Amino acid sequence: MAGFLQQVVEGLGAGAIYASLALALVLIYQFTGIVNFAQGELAMFSTYIAWQCVAAGLPFWLALVLTLVVSFAGGMLIERVIIRPVEGAPELTLVIVTVGLFIFVNAAAGWIWTFLIKDFPNPFPGGVLEAGGIHVSISTLGVLGVVAVVMGLLYLLFRYTKIGLGMRAVATNPSSARLVGIRVGWMLALGWGLAATVGAVSGVLVAPVLFLEPNMMGGVLIYAFAAATLGGFDSPLGAVVGGLIVGVAETLAGAYIGVIGSDLKVGVPLVIIVVVLLLRPQGLFGRAVVERA
Amino acid sequence: MRVSAIGCTALLLLAVAACGGRDSGGGTTGTAASGQCQGQQTTGITDTSIKLGGIYPLSGPASAYGDIPKGIKAYFDYVNAEKGGIKGRKVEFVVRDDGYQPPKAVEEARRLVEQEQVFALFQTLGTPSTTATWDYTNQQKVPQVFVATGASQWGTDTAHPWTIGWQPNYISEARVYAQYLKTEKPEAKVAVLYQNDDFGKDLLGGFTQAIEGTQIKVVAEQSYEVSDPSVDPQMRNLAESKADVLLNITTPKFGSQALAADAKNTSWNPLHIVNNVAASITVLKPVGFENVQGVVSSSYYKDPNDPTWANDPEMMLYRQKMQQYAPGADPNIPYHTFGWAVASSFHKAMEAATCMTREGLRDAVRNLKGVKVDMLLPGVTLDTSQSDGFPIESMQLMQFKGERWELFGEVIDTRKEFGPLTG
Amino acid sequence: MSETDSAQVKRAPAPPAAPRRPAPAGPLAGRWRWVAIALLLAAACYAPFQLVPFHVFQLTMVLVYAVALLGLNLLVGHAGQISLGHGAFFAVGAYTTAILLDHWDGMPYPVTLPLAAGVAFLLGLAFGVPAMRLRGLYLALVTLAMAIFLAPLLKRFEELTGGSMGLTLAKPAPPAWSGLAPDQWLYFLTLVVAVAAFLLAHSLLRSRVGRALHALRDNEIAAEVMGVRLSSYKTLAFAWSAMFAGAAGCVYTWVIGFVSPDSFTVNLSITMLAGLVVGGLGTLFGPLLGALFVMFVPSISQDINDAAPGVIFGLLIIAVMYVAPTGLAGLAERLIKKIPRKE
């Protein structure tokens with residue numbers, strides 16, 4: 001039993017990582033209505049900026065603040081420069097542009113910082129808590145805690161601020177939003193900026209666990225997609241719960257289902273995505289959208 | 001309008017076709033060989049130059065290996081500028097990108113051979129890319145030397161005499177660890193973490209073969225995919241086995257993750273053996289040196305991050321020349337060292353060749369006897385024969401102490417311990 | 001004239017995934033078009049006798065990718081469904097062929113083509129059933145996950161697929177009567193398959209099916225209301241599209257003679273989709289132009305920036321989307337339209 005619970009704890013640890021990136025995906029989807037395939041790579045790039053600041057001698061927390069600011073500005077800049085020219089284009093064009101961005105950012109990071117693993121400081125103290133034969137590392141708890149806080153902040157942003165209201169208006173119907181005086185362009189840029197910031201938090205959280213190198217986020221992306229799909233692309237709470245469920249499901253399937261084993265457990269997010277989309281396309285916490293022809 | 005689009009394409013194709021000339025590709029650029037070498041191929045080599053081609057992943061997820069050609073280039077630039085080239089021939093090294101995709105590797109191999117008219121393919125990287133190209137190179141009778149992969153088939157296969165590996169093959173490396181366990185822990189229960197590809201399978205297979213008939217047992221196996229974000233779940237499963245030895249067959253990032261997971265888990269403390277691919281100081285340092293004390297591995301070349309070699313003349317030369325000829329590249333990256341050593345091996349092989357021809361190179365790389373190469377560990381030499389296609393088969397064990405690897409024991413020649421490797 | 005045209009296009013509501021098919025050319029164009037195609041075909045037949053084997057090989061691979069992109073074009077360009085996992089069907093075709101040739105001695109290689117295409121078709125059909133309920137980005141996610149899942153799955157069935165080492169096979173040798181070199185023979189085999197695929201796709205789109213697919217793409221709900229049996233056509237679009245990819249995979253195995261899980265990573269799927277969009281969705285020549293892009297742009301990227309080809313490749317994809325939102329085929333059309341105006 002202790003073994004099983006330990007697996008669950010490991011799954012939650014992995015799930016927290018997926019959830020952190022899923023939050024950024026959900027955020028950008030809320031603001032702009034697109035799924036950003038480059039989100040993970042942007043998070044990785046932000047993490048390198050943080051690493052560079054620390055390597056230059058800045059204290060960690062200052063470096064973090066600086067990174068969040070730079071990421072926010074960088075995200076807005078990307079929207080203005082790269083996404084703007086194809087605004088309003090068919091979905092597919094946007095998918096391809098974010099895929100191009102993915103390839104570009106990944107290669108650029110390798111070019112600037114090489115593909116060697118970087119030594120990224122862990123913001124949380126090392127050490128392990130033990131209760132009833134189950135071990136939980138403090139850093140896992142820290143990641144879970146930060147993810148919960150970010151989730152809460154996003155919830156407040158979506159629900160109780162004017163920005164949140166405007167954002168929802170833009171995502172639902174850009175032309176109507178424009179008519180009622182919302183500056184659609186700036187809302188989209190804001191969305192990219194905020195998503196990049198949340199992504200940066202995600203990158204900094206996971207770097208001590210996954211180790212920082214240009215492909216750090218590549219493997220996380222599909223799990224984050226599964227998490228966002230499961231929870232619903234319009235719910236921060238859903239993203240986190242989805243992430244945790246995906247993490248636990250994947251870990252348990254890998255450990256206890258012989259046919260799956262550790263080599264096929266990447267099939268778990270695939271199954272989750274398909275099943276969710278077939279049974280409840282809006283996700284656990286999402287709201288169903290009624291299509292208007 | 002569409003008419004013109006098609007017309008333009010057709011015209012373009014015709015124009016391309018017209019100026020190519022199918023037979024123009026067959027000509028040789030080299031000077032004719034004479035004496036005993038008469039009639040042999042001299043494409044890509046003259047009295048003053050040698051043209052070589054290499055294929056590496058410079059883009060895509062495996063681009064970390066793209067650092068190897070930088071070390072090679074630095075070595076050749078150094079030899080060209082300060083030693084007058086190889087036997088008076090300046091080396092030109094053309095690098096092409098295959099993105100670790102076999103079809104792209106085939107295309108680039110053909111480009112190098114047919115268009116660039118290289119003398120030899122000097123390294124193709126990765127088992128898939130090499131397997132996809134070696135039929136072609138052998139049909140064309142183009143040497144494909146010192147391929148950058150440790151699969152055992154380059155040495156055991158007899159149908160491809162033009163292809164040869166360089167680094168110790170993964171099976172030999174596995175034998176080294178088996179040998180170590182036999183003396184240190186003859187009743188070891190081993191848990192294995194391995195990458196689910198040719199590299200991981202070869203090493204694991206070699207290990208299980210080498211422990212046959214002993215008291216050593218593999219009690220748990222877990223594999224991971226390179227697309228997995230982390231190996232933490234696998235490490236958790238292995239910990240359940242309570243094995244007393246962990247064999248860690250991973251590539252750098254996953255190596256770090258596994259070492260960190262092992263350090264984090266205080267209730268399971270196996271003897272941790274990490275394979276050479278992930279044994280660089282650059283892998284251990286992010287985990288924290290205090291967390292990797294006592295880890296065992298093996299090596300065959302000098303790690304530039306290891307203070308043991310700080311005053312070693314070969315190392316000092318390497319650092320100095322890297323700085324001079326590859327100013328942007330960090331000499332501490334072990335891939336650069338690897339490139340330097342393999343380029344130096346090529347230099348030695350060409351110097352030993354009786355004919356400066358493709359056939360001469362093919363024969364020379366299969367007739368290396370105790371050849372010493374810069375940056376290899378003392379006691380590790382290149383040895384091949386017609387029946388032995390593995391240049392390096394010796395490795396030395398090492399254990400991590402303080403902030404560096406400490407070599408211990410003798411250099412283990414797996415040929416002597418286990419007999420030659422055959423297909 | 002063209003100014004007002006483009007302005008109108010801009011104002012028109014954007015279809016969910018793809019631009020409309022360009023308006024048919026003038027009355028003369030119809031006849032000239034066949035002349036031009038004949039010319040292109042003649043050039044394609046003439047080329048291998050003039051080019052060095054390396055270039056013949058490159059053209060062969062262009063044709064292989066073109067066949068796969070023809071299939072993808074049916075799904076994405078004509079039916080408006082996004083697939084980020086088409087490399088998987090390509091791989092299924094390639095592996096079917098490789099396994100057939102590897103496990104049955106004396107299996108004549110032409111037989112593998114219909115079998116590979118058939119297996120891919122059935123798989124596409126099976127996959128099309130859940131896919132028919134998905135749309136847009138969700139479909140993209142599912143297909144992406146499928147492409148990622150493929151590699152470990154191939155490794156699992158080691159007995160059959162050769163595991164991570166893959167399978168190495170002999171390439172089809174030219175029969176003595178042809179007098180062709182091996183590279184030329186492979187080229188002509190591929191050319192025949194490509195022309196057949198082209199004609200098949202063309203006639204498919206001219207039929208009822210093509211109209212149904214376009215209706216599906218342009219307005220799914222309206223199409224359903226008008227009586228297009230949405231689910232069956234969507235599923236079929238998937239299956240046909242997979243069939244073309246499977247056929248391309250089969251020819252790929254003939255030409256390369258080696259399959260391994262590393263040959264069909266998720267990058268292949270993404271590159272294929274990017275190539276098609278760059279080439280021109282829903283156009284006749286988009287797949288061919290896209291195949292040229294897939295084949296040649298990576299090496300051009302390396303020529304521009306040796307240190308990090310990916311930087312250039314990524315930028316080029318984005319740049320083409322700006323310059324030519326309707327793809328290179330659309331761009332060529334626009335440019336050609338402008339020429340007579342200048343005179």
# chains A, B, ... in the order shown; residues from 1 in each chain; ligands from 1
$ interface_residues --of "chain A" --to "chain C" --cutoff "8 Å" --atoms "only C-alpha atoms" --output "PyMOL selection string"
chain A and resi 35+82+85-86+89-93+96-97+99-108+110-111+222+225+263-264+266-267+269-270+273-274+277-278+293
$ select_by_dssp --residues "stretch 134-225 of chain A" --states "strand (DSSP E or B)" --output "list in words"
Ile134, His135, Val136, Ser137 and Leu212 of chain A
$ write_last_selection --atoms "C-alpha atoms" --output "mmCIF file, in the first residue's frame"
data_model
loop_
_atom_site.group_PDB
_atom_site.id
_atom_site.type_symbol
_atom_site.label_atom_id
_atom_site.label_comp_id
_atom_site.auth_asym_id
_atom_site.auth_seq_id
_atom_site.Cartn_x
_atom_site.Cartn_y
_atom_site.Cartn_z
ATOM 1 C CA ILE A 134 5.852 7.787 2.076
ATOM 2 C CA HIS A 135 8.488 10.240 0.969
ATOM 3 C CA VAL A 136 7.678 13.643 -0.393
ATOM 4 C CA SER A 137 10.436 15.984 -1.401
ATOM 5 C CA LEU A 212 17.742 22.845 -18.232
#
$ residues_around --residues "A:Ala24" --least-positions-apart "5" --cutoff "8 Å" --atoms "only C-alpha atoms" --output "ChimeraX atom specification"
/A:39,195-196,198-199
$ write_last_selection --atoms "C-alpha atoms" --output "PDB file, in the first residue's frame"
ATOM      1  CA  GLN A  39       4.495  27.816 -25.389  1.00  0.00           C
ATOM      2  CA  ALA A 195       1.090  33.521 -20.964  1.00  0.00           C
ATOM      3  CA  ALA A 196       4.819  33.996 -21.429  1.00  0.00           C
ATOM      4  CA  VAL A 198       3.187  32.068 -16.517  1.00  0.00           C
ATOM      5  CA  GLY A 199       5.323  29.961 -18.837  1.00  0.00           C
TER       6      GLY A 199
END
$ residues_around --residues "stretch 115-124 of chain C" --least-positions-apart "3" --cutoff "6 Å" --atoms "only C-alpha atoms" --output "PDB file with C-alpha atoms, in the first residue's frame"
ATOM      1  CA  PHE C  89       0.273   6.922 -41.798  1.00  0.00           C
ATOM      2  CA  GLY C  93       2.872   2.369 -45.275  1.00  0.00           C
ATOM      3  CA  THR C  96       3.966  -2.512 -44.023  1.00  0.00           C
ATOM      4  CA  THR C  97       6.162  -2.667 -47.093  1.00  0.00           C
ATOM      5  CA  THR C 112       3.496  -4.207 -51.495  1.00  0.00           C
ATOM      6  CA  PHE C 127      -8.994   6.511 -36.888  1.00  0.00           C
ATOM      7  CA  GLY C 128     -11.497   8.575 -38.796  1.00  0.00           C
ATOM      8  CA  PHE C 238      -9.243  10.583 -43.319  1.00  0.00           C
ATOM      9  CA  ALA C 239      -9.039   7.157 -44.889  1.00  0.00           C
ATOM     10  CA  ALA C 242      -4.070   8.011 -45.056  1.00  0.00           C
ATOM     11  CA  MET C 243      -4.075   5.816 -48.148  1.00  0.00           C
ATOM     12  CA  GLY C 246       0.656   4.926 -46.992  1.00  0.00           C
ATOM     13  CA  ALA C 247       1.439   4.643 -50.697  1.00  0.00           C
TER      14      ALA C 247
END
$ interface_residues --of "chain A" --to "chain B" --cutoff "7 Å" --atoms "only C-alpha atoms" --output "list in words"
Glu10, Ala107, Phe115, Ile117, Lys118, Asp119, Leu210, Phe211, Asn215, Gly219, Val220, Thr251, Ala255, Ser262 and Asp263 of chain A
$ closest_atom_pairs --of "chain C" --to "chain B" --cutoff "8 Å" --atoms "only C-alpha atoms" --output "tab-separated table"
residue	atom	partner	partner_atom	distance
C:Ala25	CA	B:Met1	CA	6.7
C:Ala29	CA	B:Val3	CA	6.5
C:Trp32	CA	B:Val3	CA	6.3
C:Arg33	CA	B:Val3	CA	5.0
C:Ala36	CA	B:Gly7	CA	5.4
C:Ile37	CA	B:Ile6	CA	6.5
C:Leu39	CA	B:Ala10	CA	6.3
C:Leu40	CA	B:Ala10	CA	4.4
C:Leu41	CA	B:Ala10	CA	7.9
C:Ala43	CA	B:Leu14	CA	5.6
C:Ala44	CA	B:Leu13	CA	7.3
C:Tyr46	CA	B:Ala17	CA	7.6
C:Ala47	CA	B:Ala17	CA	5.0
C:Pro48	CA	B:Ala17	CA	7.7
C:Phe49	CA	B:Arg22	CA	6.4
C:Gln50	CA	B:Arg22	CA	4.6
C:Leu51	CA	B:Arg22	CA	4.7
C:Val52	CA	B:Arg22	CA	4.5
C:Pro53	CA	B:Arg22	CA	7.5
C:Phe54	CA	B:Arg110	CA	5.5
C:Phe57	CA	B:Glu107	CA	7.4
C:Gln58	CA	B:Glu107	CA	7.0
C:Pro152	CA	B:Glu225	CA	7.2
C:Lys155	CA	B:Asn196	CA	7.9
C:Gly163	CA	B:Asp197	CA	7.9
C:Ser164	CA	B:Asp197	CA	4.9
C:Met165	CA	B:Asp198	CA	5.7
C:Gly166	CA	B:Pro128	CA	7.9
C:Thr168	CA	B:Ala132	CA	7.7
C:Ile256	CA	B:Pro103	CA	6.6
C:Gly257	CA	B:Ala132	CA	7.5
C:Phe258	CA	B:Ala132	CA	5.7
C:Ser260	CA	B:Pro128	CA	6.9
C:Asp262	CA	B:Gln101	CA	6.6
C:Ser263	CA	B:Gln101	CA	5.4
C:Ser299	CA	B:Asp97	CA	7.5
C:Gln302	CA	B:Asp97	CA	7.1
C:Ala307	CA	B:Leu58	CA	7.2
C:Ala308	CA	B:Ser59	CA	6.5
C:Pro309	CA	B:Ser59	CA	5.9
C:Gly310	CA	B:Ser59	CA	5.4
C:Ala332	CA	B:Ala5	CA	6.8
C:Glu333	CA	B:Met1	CA	6.2
C:Ile336	CA	B:Met1	CA	6.0
C:Lys337	CA	B:Met1	CA	6.5
$ write_last_selection --atoms "N, CA and C atoms" --output "short mmCIF file (atom, residue, chain, number, x, y, z; two decimals), in the first residue's frame"
data_model
loop_
_atom_site.label_atom_id
_atom_site.label_comp_id
_atom_site.auth_asym_id
_atom_site.auth_seq_id
_atom_site.Cartn_x
_atom_site.Cartn_y
_atom_site.Cartn_z
N ALA C 25 -9.37 29.22 -64.43
CA ALA C 25 -8.69 30.09 -65.37
C ALA C 25 -9.59 30.34 -66.58
N ALA C 29 -7.27 28.57 -71.03
CA ALA C 29 -6.38 27.94 -70.07
C ALA C 29 -6.58 26.43 -70.02
N TRP C 32 -4.55 24.75 -72.66
CA TRP C 32 -3.12 24.99 -72.44
C TRP C 32 -2.60 24.26 -71.21
N ARG C 33 -3.52 24.13 -70.27
CA ARG C 33 -3.13 23.49 -69.04
C ARG C 33 -2.63 22.08 -69.29
N ALA C 36 0.72 22.13 -70.86
CA ALA C 36 1.76 22.43 -69.89
C ALA C 36 2.06 21.21 -69.02
N ILE C 37 0.98 20.50 -68.63
CA ILE C 37 1.21 19.31 -67.81
C ILE C 37 2.00 18.28 -68.60
N LEU C 39 4.09 18.92 -70.90
CA LEU C 39 5.46 19.43 -70.96
C LEU C 39 6.22 19.09 -69.68
N LEU C 40 5.53 19.31 -68.55
CA LEU C 40 6.14 19.02 -67.25
C LEU C 40 6.50 17.54 -67.15
N LEU C 41 5.55 16.71 -67.62
CA LEU C 41 5.77 15.27 -67.57
C LEU C 41 6.94 14.87 -68.46
N ALA C 43 9.45 16.74 -69.28
CA ALA C 43 10.66 17.17 -68.61
C ALA C 43 11.02 16.19 -67.50
N ALA C 44 10.00 15.74 -66.76
CA ALA C 44 10.24 14.82 -65.66
C ALA C 44 10.80 13.49 -66.16
N TYR C 46 12.61 13.23 -68.92
CA TYR C 46 13.89 13.51 -69.55
C TYR C 46 14.97 13.72 -68.49
N ALA C 47 14.58 14.33 -67.39
CA ALA C 47 15.54 14.75 -66.37
C ALA C 47 16.51 13.66 -65.90
N PRO C 48 16.03 12.45 -65.57
CA PRO C 48 16.96 11.47 -64.98
C PRO C 48 18.08 11.07 -65.93
N PHE C 49 17.90 11.32 -67.24
CA PHE C 49 18.97 10.96 -68.17
C PHE C 49 20.04 12.03 -68.21
N GLN C 50 19.73 13.19 -67.65
CA GLN C 50 20.66 14.30 -67.69
C GLN C 50 21.31 14.58 -66.34
N LEU C 51 20.58 14.24 -65.27
CA LEU C 51 21.07 14.63 -63.95
C LEU C 51 21.99 13.57 -63.35
N VAL C 52 22.88 14.04 -62.47
CA VAL C 52 23.71 13.08 -61.74
C VAL C 52 22.82 12.33 -60.76
N PRO C 53 23.20 11.10 -60.39
CA PRO C 53 22.35 10.28 -59.53
C PRO C 53 21.89 11.01 -58.27
N PHE C 54 22.74 11.84 -57.71
CA PHE C 54 22.37 12.56 -56.50
C PHE C 54 21.11 13.41 -56.71
N PHE C 57 18.08 11.28 -57.17
CA PHE C 57 17.60 10.85 -55.86
C PHE C 57 16.76 11.94 -55.20
N GLN C 58 17.25 13.17 -55.28
CA GLN C 58 16.51 14.28 -54.68
C GLN C 58 15.12 14.42 -55.31
N PRO C 152 7.37 4.55 -29.82
CA PRO C 152 7.46 3.47 -28.83
C PRO C 152 6.65 2.25 -29.23
N LYS C 155 8.66 0.16 -31.51
CA LYS C 155 9.74 -0.53 -30.80
C LYS C 155 9.22 -1.72 -30.01
N GLY C 163 12.41 -3.56 -34.08
CA GLY C 163 12.67 -2.70 -32.93
C GLY C 163 13.38 -1.42 -33.30
N SER C 164 14.20 -0.95 -32.41
CA SER C 164 14.85 0.34 -32.65
C SER C 164 15.93 0.25 -33.72
N MET C 165 16.38 -0.97 -34.03
CA MET C 165 17.39 -1.09 -35.08
C MET C 165 16.77 -0.97 -36.47
N GLY C 166 15.47 -1.14 -36.55
CA GLY C 166 14.79 -1.01 -37.83
C GLY C 166 15.04 -2.21 -38.74
N THR C 168 16.50 -3.36 -42.63
CA THR C 168 17.23 -2.97 -43.83
C THR C 168 16.80 -3.90 -44.95
N ILE C 256 14.62 4.15 -50.05
CA ILE C 256 15.64 4.28 -49.00
C ILE C 256 16.17 2.92 -48.56
N GLY C 257 15.29 1.91 -48.61
CA GLY C 257 15.76 0.58 -48.26
C GLY C 257 16.02 0.39 -46.77
N PHE C 258 15.49 1.28 -45.96
CA PHE C 258 15.72 1.17 -44.52
C PHE C 258 14.61 1.89 -43.77
N SER C 260 13.26 2.77 -39.70
CA SER C 260 13.48 2.67 -38.26
C SER C 260 12.57 3.68 -37.59
N ASP C 262 13.21 6.05 -35.77
CA ASP C 262 13.75 7.40 -35.85
C ASP C 262 13.47 8.08 -37.18
N SER C 263 13.09 7.28 -38.19
CA SER C 263 12.81 7.88 -39.50
C SER C 263 11.46 8.60 -39.48
N SER C 299 18.31 22.11 -46.36
CA SER C 299 19.72 22.27 -46.75
C SER C 299 20.03 23.72 -47.09
N GLN C 302 20.81 25.36 -43.92
CA GLN C 302 22.17 25.11 -43.44
C GLN C 302 23.18 25.96 -44.20
N ALA C 307 25.62 27.22 -38.16
CA ALA C 307 25.63 26.92 -36.73
C ALA C 307 24.28 26.43 -36.24
N ALA C 308 23.21 27.01 -36.75
CA ALA C 308 21.89 26.64 -36.26
C ALA C 308 20.88 26.69 -37.39
N PRO C 309 20.83 25.64 -38.23
CA PRO C 309 19.92 25.65 -39.37
C PRO C 309 18.46 25.83 -38.94
N GLY C 310 18.12 25.32 -37.75
CA GLY C 310 16.74 25.42 -37.27
C GLY C 310 16.25 26.85 -37.17
N ALA C 332 2.51 32.37 -56.53
CA ALA C 332 2.86 32.28 -57.94
C ALA C 332 1.72 32.82 -58.79
N GLU C 333 0.51 32.43 -58.41
CA GLU C 333 -0.65 32.88 -59.15
C GLU C 333 -0.76 34.41 -59.13
N ILE C 336 1.91 35.98 -61.31
CA ILE C 336 1.66 35.82 -62.74
C ILE C 336 0.54 36.73 -63.20
N LYS C 337 -0.47 36.89 -62.33
CA LYS C 337 -1.56 37.78 -62.63
C LYS C 337 -1.07 39.20 -62.89
#
$ atom_distance --atom1 "atom CA of B:Asn269" --atom2 "atom CA of B:Val411"
27.4 Å
$ closest_residue --among "A:Pro208, A:Gly33, A:Gly166, A:Gly242" --to "A:Ala228" --atoms "only C-alpha atoms"
A:Gly242
$ residues_around --residues "B:Gly88" --least-positions-apart "6" --cutoff "10 Å" --atoms "only C-alpha atoms" --output "JSON, numbers by chain"
{"B": [46, 47, 48, 49, 50, 79, 80]}
$ closest_residue --among "B:Leu204, B:Leu193, B:Ile273, B:Met395" --to "B:Met235" --atoms "only C-alpha atoms"
B:Leu193
$ select_by_dssp --residues "stretch 76-184 of chain B" --states "alpha helix (DSSP H)" --output "ChimeraX atom specification"
/B:76-82,102-110,127-140,153-156,170-184
$ atom_distance --atom1 "atom CA of C:Val56" --atom2 "atom CA of C:Leu276"
22.2 Å
$ residues_around --residues "stretch 179-185 of chain A" --least-positions-apart "6" --cutoff "12 Å" --atoms "only C-alpha atoms" --output "list in words"
Phe31, Thr32, Met76, Glu79, Arg80, Val81, Ile83, Arg84, Pro85, Glu87, Gly88, Lys162, Ile163, Gly164, Leu165, Gly166, Met167, Arg168, Ala169, Val170, Ala171, Thr172, Asn173, Gly191 and Trp192 of chain A
$ write_last_selection --atoms "N, CA and C atoms" --output "compact mmCIF listing (two decimals), in the first residue's frame"
# COMPACT_ATOMS: atom_id res chain seq x y z
N PHE A 31 -7.23 34.16 -23.96
CA PHE A 31 -7.06 35.51 -24.49
C PHE A 31 -7.21 35.54 -26.01
N THR A 32 -6.67 34.55 -26.67
CA THR A 32 -6.52 34.68 -28.13
C THR A 32 -7.26 33.61 -28.91
N MET A 76 4.68 39.97 -25.28
CA MET A 76 3.94 41.01 -26.00
C MET A 76 4.62 41.34 -27.32
N GLU A 79 3.84 38.83 -29.94
CA GLU A 79 2.50 39.01 -30.48
C GLU A 79 2.49 40.16 -31.49
N ARG A 80 3.12 41.28 -31.09
CA ARG A 80 3.13 42.45 -31.97
C ARG A 80 3.85 42.18 -33.28
N VAL A 81 5.00 41.51 -33.18
CA VAL A 81 5.86 41.37 -34.36
C VAL A 81 5.50 40.14 -35.19
N ILE A 83 2.88 37.55 -34.51
CA ILE A 83 1.51 37.07 -34.65
C ILE A 83 0.62 38.10 -35.34
N ARG A 84 0.89 39.37 -35.07
CA ARG A 84 0.06 40.44 -35.61
C ARG A 84 -0.21 40.33 -37.11
N PRO A 85 0.84 40.10 -37.92
CA PRO A 85 0.59 40.07 -39.37
C PRO A 85 -0.37 38.98 -39.81
N GLU A 87 -2.94 37.95 -37.81
CA GLU A 87 -4.12 38.02 -36.96
C GLU A 87 -5.38 37.85 -37.81
N GLY A 88 -6.28 37.06 -37.32
CA GLY A 88 -7.52 36.86 -38.06
C GLY A 88 -7.39 35.88 -39.21
N LYS A 162 -11.46 43.73 -14.93
CA LYS A 162 -11.94 44.25 -16.19
C LYS A 162 -11.18 43.60 -17.35
N ILE A 163 -9.91 43.39 -17.10
CA ILE A 163 -9.10 42.75 -18.14
C ILE A 163 -9.68 41.39 -18.48
N GLY A 164 -10.04 40.66 -17.43
CA GLY A 164 -10.60 39.33 -17.63
C GLY A 164 -11.88 39.39 -18.46
N LEU A 165 -12.70 40.36 -18.14
CA LEU A 165 -13.96 40.53 -18.86
C LEU A 165 -13.69 40.83 -20.33
N GLY A 166 -12.78 41.81 -20.55
CA GLY A 166 -12.44 42.20 -21.91
C GLY A 166 -11.87 41.03 -22.69
N MET A 167 -11.02 40.30 -21.99
CA MET A 167 -10.36 39.16 -22.61
C MET A 167 -11.37 38.13 -23.06
N ARG A 168 -12.34 37.87 -22.18
CA ARG A 168 -13.33 36.88 -22.56
C ARG A 168 -14.16 37.38 -23.75
N ALA A 169 -14.41 38.69 -23.75
CA ALA A 169 -15.17 39.26 -24.87
C ALA A 169 -14.39 39.08 -26.17
N VAL A 170 -13.08 39.35 -26.11
CA VAL A 170 -12.26 39.26 -27.32
C VAL A 170 -12.20 37.82 -27.82
N ALA A 171 -12.01 36.91 -26.89
CA ALA A 171 -11.88 35.52 -27.30
C ALA A 171 -13.20 35.01 -27.88
N THR A 172 -14.33 35.49 -27.33
CA THR A 172 -15.62 34.99 -27.81
C THR A 172 -15.96 35.59 -29.16
N ASN A 173 -15.79 36.90 -29.29
CA ASN A 173 -16.19 37.53 -30.53
C ASN A 173 -15.40 38.81 -30.75
N GLY A 191 -2.43 39.02 -23.61
CA GLY A 191 -2.56 37.57 -23.45
C GLY A 191 -1.23 36.87 -23.66
N TRP A 192 -0.54 37.24 -24.74
CA TRP A 192 0.76 36.62 -25.01
C TRP A 192 1.75 36.94 -23.90
$ atom_distance --atom1 "atom CA of A:Glu250" --atom2 "atom CA of A:Leu5"
14.2 Å
